[in-house]
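Below is target-v1.pdb, holding PDB, C-alpha atoms.
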ATOM      1  CA  MET A   1       0.000   0.000   0.000
ATOM      2  CA  ASP A   2       2.903   2.333   0.733
ATOM      3  CA  GLU A   3       4.319   1.734  -2.759
ATOM      4  CA  ILE A   4       0.935   2.357  -4.367
ATOM      5  CA  SER A   5       0.598   5.653  -2.518
ATOM      6  CA  LYS A   6       3.919   6.834  -4.054
ATOM      7  CA  ILE A   7       2.839   6.302  -7.690
ATOM      8  CA  SER A   8       2.861   9.518  -9.709
ATOM      9  CA  ILE A   9      -0.344  10.379 -11.516
ATOM     10  CA  LYS A  10       0.938  13.452 -13.343
ATOM     11  CA  ASN A  11       3.323  16.360 -12.946
ATOM     12  CA  SER A  12       2.006  19.764 -11.942
ATOM     13  CA  VAL A  13       2.724  22.958 -13.929
ATOM     14  CA  ASN A  14       5.962  23.633 -12.021
ATOM     15  CA  GLY A  15       7.155  19.980 -12.373
ATOM     16  CA  ILE A  16       6.142  18.666  -8.972
ATOM     17  CA  PRO A  17       4.704  15.141  -9.257
ATOM     18  CA  VAL A  18       1.143  14.569  -8.036
ATOM     19  CA  LEU A  19       1.065  11.240  -6.183
ATOM     20  CA  ILE A  20      -1.886   8.945  -5.524
ATOM     21  CA  ARG A  21      -1.674   9.697  -1.769
ATOM     22  CA  ASP A  22      -2.211  13.390  -2.610
ATOM     23  CA  VAL A  23      -5.611  12.777  -4.195
ATOM     24  CA  ALA A  24      -6.887   9.541  -2.602
ATOM     25  CA  GLU A  25      -6.920   7.504   0.565
ATOM     26  CA  ILE A  26      -5.235   4.127   0.109
ATOM     27  CA  LYS A  27      -6.868   1.278   2.053
ATOM     28  CA  PHE A  28      -8.141  -2.266   1.687
ATOM     29  CA  GLY A  29     -11.651  -2.478   0.302
ATOM     30  CA  ASN A  30     -14.197  -4.865  -1.130
ATOM     31  CA  ALA A  31     -15.362  -5.443  -4.669
ATOM     32  CA  VAL A  32     -18.945  -4.454  -5.310
ATOM     33  CA  ARG A  33     -21.146  -7.512  -5.016
ATOM     34  CA  TYR A  34     -23.572  -7.960  -7.856
ATOM     35  CA  GLY A  35     -25.372 -11.164  -6.941
ATOM     36  CA  ALA A  36     -25.478 -14.241  -4.793
ATOM     37  CA  LEU A  37     -26.228 -17.897  -5.327
ATOM     38  CA  THR A  38     -28.049 -19.704  -2.572
ATOM     39  CA  TYR A  39     -28.685 -23.366  -1.970
ATOM     40  CA  ASN A  40     -32.458 -23.796  -1.585
ATOM     41  CA  GLY A  41     -32.655 -20.198  -0.409
ATOM     42  CA  GLN A  42     -30.918 -21.052   2.878
ATOM     43  CA  LYS A  43     -27.149 -20.725   2.557
ATOM     44  CA  GLU A  44     -24.743 -19.329   0.027
ATOM     45  CA  ALA A  45     -23.115 -21.593  -2.516
ATOM     46  CA  VAL A  46     -20.617 -21.414  -5.361
ATOM     47  CA  ARG A  47     -21.684 -22.216  -8.906
ATOM     48  CA  GLY A  48     -19.548 -23.456 -11.780
ATOM     49  CA  ILE A  49     -20.513 -23.862 -15.406
ATOM     50  CA  VAL A  50     -18.970 -26.321 -17.853
ATOM     51  CA  MET A  51     -18.927 -25.001 -21.388
ATOM     52  CA  MET A  52     -18.900 -27.439 -24.293
ATOM     53  CA  LEU A  53     -16.984 -26.665 -27.468
ATOM     54  CA  LYS A  54     -18.980 -26.267 -30.654
ATOM     55  CA  GLY A  55     -19.351 -29.579 -32.457
ATOM     56  CA  ALA A  56     -18.392 -31.680 -29.420
ATOM     57  CA  ASN A  57     -20.281 -34.824 -28.491
ATOM     58  CA  SER A  58     -22.443 -33.755 -25.548
ATOM     59  CA  ALA A  59     -22.833 -37.281 -24.148
ATOM     60  CA  ALA A  60     -19.049 -37.770 -24.099
ATOM     61  CA  VAL A  61     -18.502 -34.335 -22.530
ATOM     62  CA  VAL A  62     -21.006 -35.063 -19.742
ATOM     63  CA  GLU A  63     -19.326 -38.397 -18.989
ATOM     64  CA  ARG A  64     -15.872 -36.755 -18.826
ATOM     65  CA  VAL A  65     -17.203 -34.012 -16.539
ATOM     66  CA  LYS A  66     -18.748 -36.605 -14.211
ATOM     67  CA  ALA A  67     -15.445 -38.508 -14.064
ATOM     68  CA  LYS A  68     -13.534 -35.298 -13.307
ATOM     69  CA  MET A  69     -16.044 -34.336 -10.610
ATOM     70  CA  GLU A  70     -15.281 -37.580  -8.760
ATOM     71  CA  THR A  71     -11.588 -36.651  -8.770
ATOM     72  CA  ILE A  72     -12.370 -33.155  -7.477
ATOM     73  CA  LYS A  73     -14.715 -34.506  -4.761
ATOM     74  CA  ALA A  74     -11.914 -36.661  -3.388
ATOM     75  CA  ALA A  75      -9.725 -33.571  -2.864
ATOM     76  CA  LEU A  76     -12.383 -31.457  -1.118
ATOM     77  CA  PRO A  77     -12.799 -31.099   2.653
ATOM     78  CA  PRO A  78     -15.552 -33.340   4.072
ATOM     79  CA  ASP A  79     -17.960 -30.448   4.758
ATOM     80  CA  ILE A  80     -17.998 -29.298   1.103
ATOM     81  CA  GLU A  81     -20.188 -31.064  -1.447
ATOM     82  CA  ILE A  82     -20.428 -30.837  -5.218
ATOM     83  CA  GLU A  83     -23.910 -31.299  -6.601
ATOM     84  CA  ALA A  84     -24.944 -31.069 -10.251
ATOM     85  CA  PHE A  85     -28.207 -29.179 -10.691
ATOM     86  CA  ILE A  86     -28.394 -29.238 -14.501
ATOM     87  CA  ASP A  87     -27.382 -32.474 -16.217
ATOM     88  CA  ARG A  88     -27.875 -32.875 -19.963
ATOM     89  CA  THR A  89     -27.701 -36.677 -19.861
ATOM     90  CA  GLY A  90     -31.481 -37.067 -19.732
ATOM     91  CA  LEU A  91     -31.979 -34.528 -22.522
ATOM     92  CA  VAL A  92     -29.458 -36.287 -24.752
ATOM     93  CA  LYS A  93     -31.039 -39.710 -24.113
ATOM     94  CA  ARG A  94     -34.544 -38.373 -24.817
ATOM     95  CA  ALA A  95     -33.347 -36.698 -28.044
ATOM     96  CA  ILE A  96     -31.696 -39.920 -29.215
ATOM     97  CA  GLY A  97     -34.853 -41.860 -28.327
ATOM     98  CA  THR A  98     -36.969 -39.386 -30.294
ATOM     99  CA  VAL A  99     -34.731 -39.698 -33.348
ATOM    100  CA  GLU A 100     -34.745 -43.503 -33.150
ATOM    101  CA  SER A 101     -38.525 -43.772 -32.759
ATOM    102  CA  ASN A 102     -39.195 -41.245 -35.539
ATOM    103  CA  LEU A 103     -36.877 -43.061 -37.933
ATOM    104  CA  VAL A 104     -38.367 -46.479 -37.175
ATOM    105  CA  GLU A 105     -41.991 -45.288 -37.290
ATOM    106  CA  GLY A 106     -41.392 -43.299 -40.472
ATOM    107  CA  ALA A 107     -39.721 -46.236 -42.175
ATOM    108  CA  LEU A 108     -42.532 -48.633 -41.194
ATOM    109  CA  ILE A 109     -45.226 -46.254 -42.444
ATOM    110  CA  VAL A 110     -43.438 -45.789 -45.762
ATOM    111  CA  ILE A 111     -42.957 -49.559 -46.159
ATOM    112  CA  PHE A 112     -46.665 -50.143 -45.475
ATOM    113  CA  VAL A 113     -47.730 -47.462 -47.952
ATOM    114  CA  LEU A 114     -45.350 -48.837 -50.596
ATOM    115  CA  ILE A 115     -46.722 -52.367 -50.255
ATOM    116  CA  VAL A 116     -50.320 -51.111 -50.419
ATOM    117  CA  PHE A 117     -49.844 -48.835 -53.435
ATOM    118  CA  LEU A 118     -47.517 -51.072 -55.422
ATOM    119  CA  GLY A 119     -49.870 -53.977 -54.845
ATOM    120  CA  ASN A 120     -47.004 -56.426 -54.589
ATOM    121  CA  PHE A 121     -45.377 -57.458 -51.323
ATOM    122  CA  ARG A 122     -41.983 -58.284 -52.838
ATOM    123  CA  ALA A 123     -41.904 -55.115 -54.928
ATOM    124  CA  GLY A 124     -42.720 -53.091 -51.815
ATOM    125  CA  LEU A 125     -39.903 -54.729 -49.875
ATOM    126  CA  ILE A 126     -37.445 -54.170 -52.730
ATOM    127  CA  VAL A 127     -38.308 -50.484 -52.816
ATOM    128  CA  ALA A 128     -38.281 -50.282 -49.028
ATOM    129  CA  SER A 129     -34.764 -51.760 -48.952
ATOM    130  CA  ALA A 130     -33.585 -48.359 -50.184
ATOM    131  CA  ILE A 131     -34.398 -46.918 -46.751
ATOM    132  CA  PRO A 132     -31.910 -48.876 -44.588
ATOM    133  CA  LEU A 133     -29.292 -48.818 -47.355
ATOM    134  CA  SER A 134     -29.504 -45.035 -47.711
ATOM    135  CA  LEU A 135     -29.481 -44.581 -43.922
ATOM    136  CA  LEU A 136     -26.401 -46.788 -43.673
ATOM    137  CA  PHE A 137     -24.694 -44.789 -46.408
ATOM    138  CA  ALA A 138     -25.703 -41.445 -44.860
ATOM    139  CA  LEU A 139     -24.557 -42.433 -41.347
ATOM    140  CA  GLY A 140     -21.270 -43.734 -42.747
ATOM    141  CA  LEU A 141     -20.572 -40.428 -44.501
ATOM    142  CA  MET A 142     -21.692 -38.445 -41.434
ATOM    143  CA  ASN A 143     -19.217 -40.428 -39.357
ATOM    144  CA  LEU A 144     -16.471 -39.968 -41.963
ATOM    145  CA  PHE A 145     -16.930 -36.189 -42.094
ATOM    146  CA  GLY A 146     -17.589 -35.756 -38.360
ATOM    147  CA  VAL A 147     -21.214 -34.610 -38.650
ATOM    148  CA  SER A 148     -23.136 -35.402 -35.470
ATOM    149  CA  ALA A 149     -26.289 -37.472 -35.685
ATOM    150  CA  ASN A 150     -28.843 -35.181 -34.043
ATOM    151  CA  LEU A 151     -32.475 -34.195 -34.498
ATOM    152  CA  MET A 152     -31.635 -31.692 -37.209
ATOM    153  CA  SER A 153     -29.389 -33.899 -39.331
ATOM    154  CA  LEU A 154     -31.443 -37.104 -39.048
ATOM    155  CA  GLY A 155     -34.804 -35.341 -39.029
ATOM    156  CA  ALA A 156     -34.031 -33.973 -42.487
ATOM    157  CA  ILE A 157     -34.058 -37.479 -43.961
ATOM    158  CA  ASP A 158     -37.211 -37.792 -46.038
ATOM    159  CA  PHE A 159     -38.143 -41.401 -46.739
ATOM    160  CA  GLY A 160     -40.442 -40.351 -49.544
ATOM    161  CA  LEU A 161     -37.547 -38.813 -51.444
ATOM    162  CA  ILE A 162     -35.301 -41.763 -50.640
ATOM    163  CA  VAL A 163     -37.643 -44.322 -52.206
ATOM    164  CA  ASP A 164     -38.854 -42.126 -55.072
ATOM    165  CA  GLY A 165     -36.306 -43.392 -57.593
ATOM    166  CA  ALA A 166     -36.688 -46.985 -56.460
ATOM    167  CA  VAL A 167     -40.485 -46.792 -56.886
ATOM    168  CA  ILE A 168     -40.096 -45.588 -60.467
ATOM    169  CA  ILE A 169     -37.617 -48.346 -61.335
ATOM    170  CA  VAL A 170     -39.700 -51.119 -59.732
ATOM    171  CA  GLU A 171     -42.939 -49.867 -61.350
ATOM    172  CA  ALA A 172     -41.245 -49.744 -64.756
ATOM    173  CA  THR A 173     -39.835 -53.235 -64.269
ATOM    174  CA  LEU A 174     -43.243 -54.611 -63.229
ATOM    175  CA  HIS A 175     -44.866 -52.908 -66.232
ATOM    176  CA  LEU A 176     -42.312 -54.328 -68.656
ATOM    177  CA  LEU A 177     -42.678 -57.798 -67.140
ATOM    178  CA  ALA A 178     -46.466 -57.591 -67.478
ATOM    179  CA  ALA A 179     -46.195 -56.401 -71.080
ATOM    180  CA  GLY A 180     -43.861 -59.285 -71.912
ATOM    181  CA  LYS A 181     -41.022 -57.022 -73.025
ATOM    182  CA  ILE A 182     -38.680 -58.590 -70.442
ATOM    183  CA  PRO A 183     -38.337 -62.371 -70.286
ATOM    184  CA  GLY A 184     -39.696 -63.703 -67.009
ATOM    185  CA  GLU A 185     -42.978 -63.758 -65.242
ATOM    186  CA  ILE A 186     -44.663 -61.728 -62.549
ATOM    187  CA  ILE A 187     -45.523 -63.773 -59.545
ATOM    188  CA  GLN A 188     -48.498 -62.200 -57.877
ATOM    189  CA  SER A 189     -48.376 -62.251 -54.121
ATOM    190  CA  THR A 190     -51.249 -63.842 -52.269
ATOM    191  CA  ASP A 191     -51.880 -60.679 -50.272
ATOM    192  CA  GLY A 192     -52.866 -58.519 -53.177
TER     193      GLY A 192
END

This structure in structure tokens:
Amino acid sequence: MDEISKISIKNSVNGIPVLIRDVAEIKFGNAVRYGALTYNGQKEAVRGIVMMLKGANSAAVVERVKAKMETIKAALPPDIEIEAFIDRTGLVKRAIGTVESNLVEGALIVIFVLIVFLGNFRAGLIVASAIPLSLLFALGLMNLFGVSANLMSLGAIDFGLIVDGAVIIVEATLHLLAAGKIPGEIIQSTDG
């Protein structure tokens, strides 16, 4: 504090330095408090936030944070506890479950509609085989290029567009078989 009081702020007109002790009182003080965090409104607590990098896998980050928290807990005094109050694990699991159920339900609906409108069980299954093959291809490329499989990326998959080309090819093949322009025969399924 004595050294701080001897710091020159500026020189006066006649060259005499103006020191901090000439214009201010030097003493210990407190920073202005702007807020407080309480635990259930009863006692004060300290809060920490873990920030995830853009493009990181949130499930992996949460698992690493939990592992690190166990290490930190071991080094703390016994009267201090660490408690997570926001954990994204449940959110991530629900989002993955939503994506899985939407993909499965969407694929089953499209397969059913294909079989009904094509009128041939085998033709419907051939066309529907484009769905898992295209998903496999898309997920492989997403993995190769590091694109995360989330609601936005997987939700954009449109099964109708995926099977559109296959429907046209199978319908043309069935038409040519029926017209006799391709050697072979159409075997009608018993279901329609």

Between region 83-177 of chain A and region 56-67 of chain A, at 8 Å or less, what are the per-residue closest atom pairs and their distances in Å? Count all atoms listed in the file, order by chain and rising residue number, and return it as JSON lines.
{"residue": "A:Asp87", "atom": "CA", "partner": "A:Val62", "partner_atom": "CA", "distance": 7.7}
{"residue": "A:Arg88", "atom": "CA", "partner": "A:Val62", "partner_atom": "CA", "distance": 7.2}
{"residue": "A:Thr89", "atom": "CA", "partner": "A:Ala59", "partner_atom": "CA", "distance": 6.5}
{"residue": "A:Val92", "atom": "CA", "partner": "A:Ala59", "partner_atom": "CA", "distance": 6.7}
{"residue": "A:Ser148", "atom": "CA", "partner": "A:Asn57", "partner_atom": "CA", "distance": 7.6}

Exercise for the section: Take CA of Ser134 (chain A) and CA of Ile169 (chain A) and report the distance between them in Å, one decimal. Expected result: 16.2 Å

Exercise for the section: Run the PyMOL selection byres ((chain A and resi 45) around 12) on the file and write out the hits as a ChimeraX atom specification. Expected result: /A:35-44,46-48,80-83

Selection export as a short mmCIF file (atom, residue, chain, number, x, y, z; two decimals), in the coordinates of the input, atoms kept: C-alpha atoms:
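Once written, result06.cif looks like this:
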data_model
loop_
_atom_site.label_atom_id
_atom_site.label_comp_id
_atom_site.auth_asym_id
_atom_site.auth_seq_id
_atom_site.Cartn_x
_atom_site.Cartn_y
_atom_site.Cartn_z
CA GLY A 35 -25.37 -11.16 -6.94
CA ALA A 36 -25.48 -14.24 -4.79
CA LEU A 37 -26.23 -17.90 -5.33
CA THR A 38 -28.05 -19.70 -2.57
CA TYR A 39 -28.68 -23.37 -1.97
CA ASN A 40 -32.46 -23.80 -1.58
CA GLY A 41 -32.66 -20.20 -0.41
CA GLN A 42 -30.92 -21.05 2.88
CA LYS A 43 -27.15 -20.72 2.56
CA GLU A 44 -24.74 -19.33 0.03
CA VAL A 46 -20.62 -21.41 -5.36
CA ARG A 47 -21.68 -22.22 -8.91
CA GLY A 48 -19.55 -23.46 -11.78
CA ILE A 80 -18.00 -29.30 1.10
CA GLU A 81 -20.19 -31.06 -1.45
CA ILE A 82 -20.43 -30.84 -5.22
CA GLU A 83 -23.91 -31.30 -6.60
#

Practice task
Mind giving me the straight-line distance from CA of Ile86 (chain A) to CA of Thr71 (chain A) in Å, one decimal?
Solution key: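 Answer for the CA of Ile86 (chain A) to CA of Thr71 (chain A) separation: 19.2 Å.
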